[in-house]
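> First the structure, then my questions, so here it is.
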Amino acid sequence: MRVDRSDGPAAPPTLPAPRPAAAERPPGVGDLLREWRRRRGLSQLALSERTGISTRHLSYVENGRAGASRDLVRRLADGLDLPDAAHDALLVAAGFVVHPDPGPAPDRRELQAVVDAHLPVPALVFDEDWNLVAANAPVRELLEGLPERLRREPVNMLRLTLDPDGLAPSIEDLPRVRAALLARVDAQLRQRARPVLAAVRAEVGATGVDAPPASAPEPAAGPGGVLIPLVLQTPRGVVRLVSTTTLLALPSGAGGPVLALETFSPADAASAALLAEPG
């Protein structure tokens with residue numbers, strides 16, 4: 001007879017101890033890019049057309065096969081119309097340090113004081129999309145009487161200047177001025193994608209794009225640039241002007257707004273006298 005010498009029922013087989021759950025991986029730049037692209041309802045092809053970045057490179061970034069430079073992140077943020085916080089998150093995910101904003105940008109009262117200091121010379125401030133930020137009295141006088149659709153906020157100076165219902169009929173040698181302005185905008189868009197400005201450029205360009213004259217100076221990239229002398233038919237008479245554009249240094253941190261101050265100096269004594277007349 002067999003004697004069972006066990007002290008009780010057999011122990012169940014030993015199971016391997018469960019592994020601790022791995023820490024959740026923070027989203028990478030590709031994850032955030034894909035998420036924002038889907039939120040905006042854009043395909044990779046559509047985003048490529050907005051930013052000038054190839055669909056192949058976009059795919060590589062989204063899949064983690066390629067990194068993203070600071071400039072690439074900025075172009076993507078512009079193309080996706082990201083809020084500042086999302087832009088910063090994309091930079092951090094790409095491995096960059098986001099520096100805090102050292103201070104607020106000037107408010108409109110400060111910018112108005114800047115343009116008023118140039119009286120009686122016309123002066124205005126506009127942003128990277130050429131939207132008017134501040135203007136002094138001579139500029140506002142020029143805008144009076146233009147259609148309300150062109151003076152509705154935000155007032156876009158590229159549209160207002162080249163639209164057939166804007167200042168265009170008052171500009172002598174309009175084809176040359178148009179060519180210089182469009183070349184200046186194209187240089188800006190090659191440097192940095194600006195969807196809003198690109199749309200306005202396409203709008204005003206649809207009325208007829210003139211190639212830049214061979215003798216025209218090479219435009220500088222950005223809101224600033226070189227502009228040929230401007231001759232305007234105004235209620236006061238013919239005014240001959242030369243423009244000077246200065247980029248304003250603002251304490252707004254990396255990626256902050258860029259503003260341009262444009263002043264129009266009289267090109268001859270008769271124009272100076274007309275500008276000096278009381279409004």
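Please note that chains go A, B, ... in the order of the structure tokens, that every chain numbers its residues from 1, and that ligands are numbered from 1 in the order shown.
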Enumerate, in order of chain and increasing residue number, the residues of stretch 146-218 of chain A with an atom no farther than 12 Å from stretch 36-54 of chain A, each with its shortest atom pair and distance in Å to one decimal, counting only C-alpha atoms, as CSV.

```
residue,atom,partner,partner_atom,distance
A:Leu189,CA,A:Thr51,CA,9.5
A:Arg190,CA,A:Gly52,CA,8.7
A:Gln191,CA,A:Gly52,CA,10.5
A:Arg192,CA,A:Thr51,CA,8.3
A:Ala193,CA,A:Thr51,CA,5.6
A:Arg194,CA,A:Thr51,CA,8.3
A:Pro195,CA,A:Arg50,CA,6.7
A:Val196,CA,A:Arg50,CA,10.3
A:Leu197,CA,A:Arg50,CA,11.4
A:Ala198,CA,A:Arg50,CA,8.9
A:Ala199,CA,A:Arg50,CA,10.2
```
> Neighbouring residues of A:Leu90 were defined as those with any atom within 7 Å, considering only C-alpha atoms; residues of the same chain fewer than 3 positions away were excluded. Please report them as a list in words.
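Near A:Leu90, the qualifying residues are Val29, Leu32, Val73, Ala86, His87, Ala93 and Ala94 of chain A.
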> Kindly export the residues of the current selection with C-alpha atoms, as a PDB file, in the first residue's frame.

```pdb
ATOM      1  CA  VAL A  29       7.710  66.356 -31.807  1.00  0.00           C
ATOM      2  CA  LEU A  32       2.479  66.654 -31.464  1.00  0.00           C
ATOM      3  CA  VAL A  73       9.359  74.075 -35.898  1.00  0.00           C
ATOM      4  CA  ALA A  86       1.543  74.962 -28.490  1.00  0.00           C
ATOM      5  CA  HIS A  87       4.488  76.443 -30.393  1.00  0.00           C
ATOM      6  CA  ALA A  93       9.490  68.219 -27.774  1.00  0.00           C
ATOM      7  CA  ALA A  94      12.099  68.901 -30.475  1.00  0.00           C
TER       8      ALA A  94
END
```
> So which residues touch stretch 153-161 of chain A within 9 Å, counting only C-alpha atoms, skipping near sequence neighbours fewer than 2 positions away, as a ChimeraX atom specification?
/A:126,129-133,143,146,149-151,163-168,171,178,181-182,185,197,200-201,203-204
> Between A:Leu33, A:Pro235, A:Ala270, A:Arg108, which residue has the minimum interatomic distance to A:Arg75, considering only C-alpha atoms?
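Answer, going by the shortest atom-to-atom distance: A:Leu33.
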> Fewer than 6 positions away in the same chain doesn't count, so skip those; otherwise give me all residues within 10 Å of A:Ala117, counting only C-alpha atoms, as a list of chain:residue names.
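The residues satisfying every condition are A:Leu111, A:Ala123, A:Asn136.
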> Enter the distance from atom CA of A:Leu76 to atom CA of A:Thr245, in Å, rounded to one decimal.
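Result for atom CA of A:Leu76 versus atom CA of A:Thr245: 27.7 Å, one decimal.
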> What gap, in Å, lies between atom CA of A:Arg65 and atom CA of A:Val92?
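Computed distance, atom CA of A:Arg65 to atom CA of A:Val92, equals 17.6 Å.
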> Identify, on the basis of only C-alpha atoms, every residue whose closest approach to A:Ser170 does not exceed 8 Å; exclude the query and any residue fewer than 5 positions from it along the same chain; express the result as a tab-separated table (two decimals) with C-alpha atoms, in the first residue's frame.

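Written out: part.tsv:
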```tsv
chain	number	residue	atom	x	y	z
A	232	LEU	CA	1.25	109.87	-55.12
A	233	GLN	CA	-1.67	111.90	-56.37
A	234	THR	CA	-3.15	113.30	-53.14
```
> Output as an NGL selection string all residues of stretch 31-196 of chain A that backbone DSSP marks as alpha helix (DSSP H).
:A and (31-39 or 44-51 or 55-62 or 70-80 or 84-93 or 108-116 or 137-143 or 148-151 or 157-162 or 174-191 or 195-196)
> As a PyMOL selection string, please: all residues of stretch 79-246 of chain A that backbone DSSP puts in strand (DSSP E or B).
chain A and resi 123-126+131-135+156+171+230-234+237-246
> Go ahead and dump the residues you just picked, N, CA, C and O atoms, as an mmCIF file, in the first residue's frame.

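Output file part-v6.cif is given in full below:
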```
data_model
loop_
_atom_site.group_PDB
_atom_site.id
_atom_site.type_symbol
_atom_site.label_atom_id
_atom_site.label_comp_id
_atom_site.auth_asym_id
_atom_site.auth_seq_id
_atom_site.Cartn_x
_atom_site.Cartn_y
_atom_site.Cartn_z
ATOM 1 N N ALA A 123 4.184 108.334 -41.480
ATOM 2 C CA ALA A 123 4.865 107.213 -40.837
ATOM 3 C C ALA A 123 3.830 106.221 -40.338
ATOM 4 O O ALA A 123 2.737 106.606 -39.914
ATOM 5 N N LEU A 124 4.175 104.951 -40.402
ATOM 6 C CA LEU A 124 3.271 103.905 -39.928
ATOM 7 C C LEU A 124 4.081 102.719 -39.432
ATOM 8 O O LEU A 124 5.254 102.566 -39.770
ATOM 9 N N VAL A 125 3.432 101.886 -38.622
ATOM 10 C CA VAL A 125 4.017 100.638 -38.126
ATOM 11 C C VAL A 125 3.113 99.506 -38.566
ATOM 12 O O VAL A 125 1.881 99.592 -38.440
ATOM 13 N N PHE A 126 3.721 98.431 -39.128
ATOM 14 C CA PHE A 126 2.925 97.262 -39.509
ATOM 15 C C PHE A 126 3.667 96.003 -39.072
ATOM 16 O O PHE A 126 4.866 96.026 -38.798
ATOM 17 N N ASN A 131 -0.130 93.965 -41.530
ATOM 18 C CA ASN A 131 -1.309 94.548 -40.917
ATOM 19 C C ASN A 131 -0.913 95.828 -40.175
ATOM 20 O O ASN A 131 0.069 95.834 -39.422
ATOM 21 N N LEU A 132 -1.685 96.889 -40.373
ATOM 22 C CA LEU A 132 -1.382 98.185 -39.781
ATOM 23 C C LEU A 132 -1.540 98.131 -38.264
ATOM 24 O O LEU A 132 -2.553 97.650 -37.751
ATOM 25 N N VAL A 133 -0.531 98.630 -37.558
ATOM 26 C CA VAL A 133 -0.552 98.662 -36.098
ATOM 27 C C VAL A 133 -0.721 100.093 -35.596
ATOM 28 O O VAL A 133 -1.442 100.349 -34.636
ATOM 29 N N ALA A 134 -0.054 101.054 -36.244
ATOM 30 C CA ALA A 134 -0.154 102.459 -35.849
ATOM 31 C C ALA A 134 0.153 103.324 -37.067
ATOM 32 O O ALA A 134 0.938 102.932 -37.939
ATOM 33 N N ALA A 135 -0.475 104.507 -37.128
ATOM 34 C CA ALA A 135 -0.252 105.431 -38.237
ATOM 35 C C ALA A 135 -0.456 106.851 -37.746
ATOM 36 O O ALA A 135 -1.285 107.098 -36.866
ATOM 37 N N ASN A 156 -4.810 95.744 -43.879
ATOM 38 C CA ASN A 156 -3.598 95.181 -44.467
ATOM 39 C C ASN A 156 -3.025 96.164 -45.481
ATOM 40 O O ASN A 156 -3.685 96.513 -46.467
ATOM 41 N N ILE A 171 -1.162 106.006 -57.521
ATOM 42 C CA ILE A 171 0.285 105.799 -57.592
ATOM 43 C C ILE A 171 0.752 105.919 -59.032
ATOM 44 O O ILE A 171 0.286 105.193 -59.922
ATOM 45 N N LEU A 230 8.206 106.750 -54.366
ATOM 46 C CA LEU A 230 6.758 106.664 -54.513
ATOM 47 C C LEU A 230 6.212 108.040 -54.860
ATOM 48 O O LEU A 230 6.486 109.020 -54.157
ATOM 49 N N VAL A 231 5.447 108.122 -55.948
ATOM 50 C CA VAL A 231 4.818 109.367 -56.365
ATOM 51 C C VAL A 231 3.313 109.180 -56.264
ATOM 52 O O VAL A 231 2.739 108.302 -56.915
ATOM 53 N N LEU A 232 2.681 110.017 -55.411
ATOM 54 C CA LEU A 232 1.255 109.873 -55.120
ATOM 55 C C LEU A 232 0.468 111.100 -55.549
ATOM 56 O O LEU A 232 0.903 112.233 -55.329
ATOM 57 N N GLN A 233 -0.697 110.843 -56.127
ATOM 58 C CA GLN A 233 -1.669 111.904 -56.368
ATOM 59 C C GLN A 233 -2.525 112.016 -55.104
ATOM 60 O O GLN A 233 -3.244 111.087 -54.762
ATOM 61 N N THR A 234 -2.420 113.121 -54.389
ATOM 62 C CA THR A 234 -3.153 113.303 -53.141
ATOM 63 C C THR A 234 -4.082 114.509 -53.249
ATOM 64 O O THR A 234 -3.965 115.310 -54.190
ATOM 65 N N GLY A 237 -2.150 117.547 -53.822
ATOM 66 C CA GLY A 237 -1.355 117.640 -55.032
ATOM 67 C C GLY A 237 -0.444 116.431 -55.151
ATOM 68 O O GLY A 237 -0.545 115.463 -54.389
ATOM 69 N N VAL A 238 0.463 116.486 -56.129
ATOM 70 C CA VAL A 238 1.397 115.382 -56.349
ATOM 71 C C VAL A 238 2.509 115.459 -55.310
ATOM 72 O O VAL A 238 3.169 116.494 -55.154
ATOM 73 N N VAL A 239 2.707 114.350 -54.597
ATOM 74 C CA VAL A 239 3.740 114.283 -53.565
ATOM 75 C C VAL A 239 4.737 113.198 -53.949
ATOM 76 O O VAL A 239 4.345 112.051 -54.219
ATOM 77 N N ARG A 240 6.011 113.579 -53.976
ATOM 78 C CA ARG A 240 7.080 112.622 -54.284
ATOM 79 C C ARG A 240 7.770 112.239 -52.975
ATOM 80 O O ARG A 240 8.229 113.115 -52.246
ATOM 81 N N LEU A 241 7.823 110.921 -52.719
ATOM 82 C CA LEU A 241 8.310 110.416 -51.442
ATOM 83 C C LEU A 241 9.383 109.354 -51.639
ATOM 84 O O LEU A 241 9.439 108.697 -52.689
ATOM 85 N N VAL A 242 10.199 109.207 -50.633
ATOM 86 C CA VAL A 242 11.162 108.107 -50.553
ATOM 87 C C VAL A 242 10.934 107.415 -49.221
ATOM 88 O O VAL A 242 10.885 108.077 -48.179
ATOM 89 N N SER A 243 10.784 106.104 -49.257
ATOM 90 C CA SER A 243 10.465 105.380 -48.026
ATOM 91 C C SER A 243 11.713 104.798 -47.378
ATOM 92 O O SER A 243 12.680 104.447 -48.050
ATOM 93 N N THR A 244 11.662 104.729 -46.072
ATOM 94 C CA THR A 244 12.707 104.075 -45.280
ATOM 95 C C THR A 244 12.025 103.134 -44.298
ATOM 96 O O THR A 244 11.090 103.535 -43.595
ATOM 97 N N THR A 245 12.453 101.872 -44.268
ATOM 98 C CA THR A 245 11.839 100.876 -43.389
ATOM 99 C C THR A 245 12.850 100.415 -42.357
ATOM 100 O O THR A 245 13.980 100.070 -42.691
ATOM 101 N N THR A 246 12.425 100.432 -41.102
ATOM 102 C CA THR A 246 13.283 100.021 -39.987
ATOM 103 C C THR A 246 12.556 98.965 -39.171
ATOM 104 O O THR A 246 11.397 99.158 -38.793
#
```
> Pick the closest to A:Arg236 from A:Gln112, A:Ser59, A:Ser271, A:Gln188: which is it, counting only C-alpha atoms?
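Looking at the shortest contact to A:Arg236, the residue is A:Ser271.
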> Using only C-alpha atoms, can you tell me which of A:Leu82, A:Val61, A:Ala276, A:Ala183 comes closest to A:Ala137?
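Result for the nearest residue to A:Ala137: A:Ala276.
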> So which residues touch A:Leu259 within 6 Å, counting only C-alpha atoms, skipping near sequence neighbours fewer than 4 positions away, as a list in words?
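Residues meeting the cut-off are Phe126, Asp127, Leu247 and Leu248 of chain A.
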> The selected residues should be written to file as a CSV table (one decimal), in the first residue's frame (atoms: all heavy atoms).

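So the final result, stored in again14.csv, reads:
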```csv
chain,number,residue,atom,x,y,z
A,126,PHE,N,3.7,98.4,-39.1
A,126,PHE,CA,2.9,97.3,-39.5
A,126,PHE,C,3.7,96.0,-39.1
A,126,PHE,O,4.9,96.0,-38.8
A,126,PHE,CB,2.6,97.2,-41.0
A,126,PHE,CG,3.8,97.3,-41.9
A,126,PHE,CD1,4.4,96.1,-42.4
A,126,PHE,CD2,4.3,98.5,-42.3
A,126,PHE,CE1,5.5,96.2,-43.2
A,126,PHE,CE2,5.4,98.6,-43.2
A,126,PHE,CZ,6.0,97.4,-43.6
A,127,ASP,N,2.9,94.9,-39.0
A,127,ASP,CA,3.5,93.6,-38.5
A,127,ASP,C,4.0,92.8,-39.7
A,127,ASP,O,4.0,93.2,-40.8
A,127,ASP,CB,2.5,92.9,-37.6
A,127,ASP,CG,1.2,92.5,-38.3
A,127,ASP,OD1,1.2,92.4,-39.6
A,127,ASP,OD2,0.2,92.2,-37.6
A,247,LEU,N,13.2,97.8,-38.9
A,247,LEU,CA,12.6,96.8,-38.0
A,247,LEU,C,12.8,97.3,-36.6
A,247,LEU,O,13.9,97.7,-36.2
A,247,LEU,CB,13.3,95.5,-38.3
A,247,LEU,CG,13.1,94.9,-39.7
A,247,LEU,CD1,13.8,93.5,-39.7
A,247,LEU,CD2,11.7,94.8,-40.0
A,248,LEU,N,11.8,97.2,-35.8
A,248,LEU,CA,11.8,97.6,-34.4
A,248,LEU,C,12.3,96.5,-33.5
A,248,LEU,O,11.8,95.4,-33.6
A,248,LEU,CB,10.4,98.1,-34.0
A,248,LEU,CG,9.8,99.3,-34.8
A,248,LEU,CD1,8.4,99.6,-34.2
A,248,LEU,CD2,10.7,100.5,-34.7
```
> So, with only C-alpha atoms as the atoms that count, which of A:Asp84, A:Leu58, A:Glu277, A:Phe264 lies closest to A:His118?
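The shortest atom-to-atom distance to A:His118 comes from A:Phe264.
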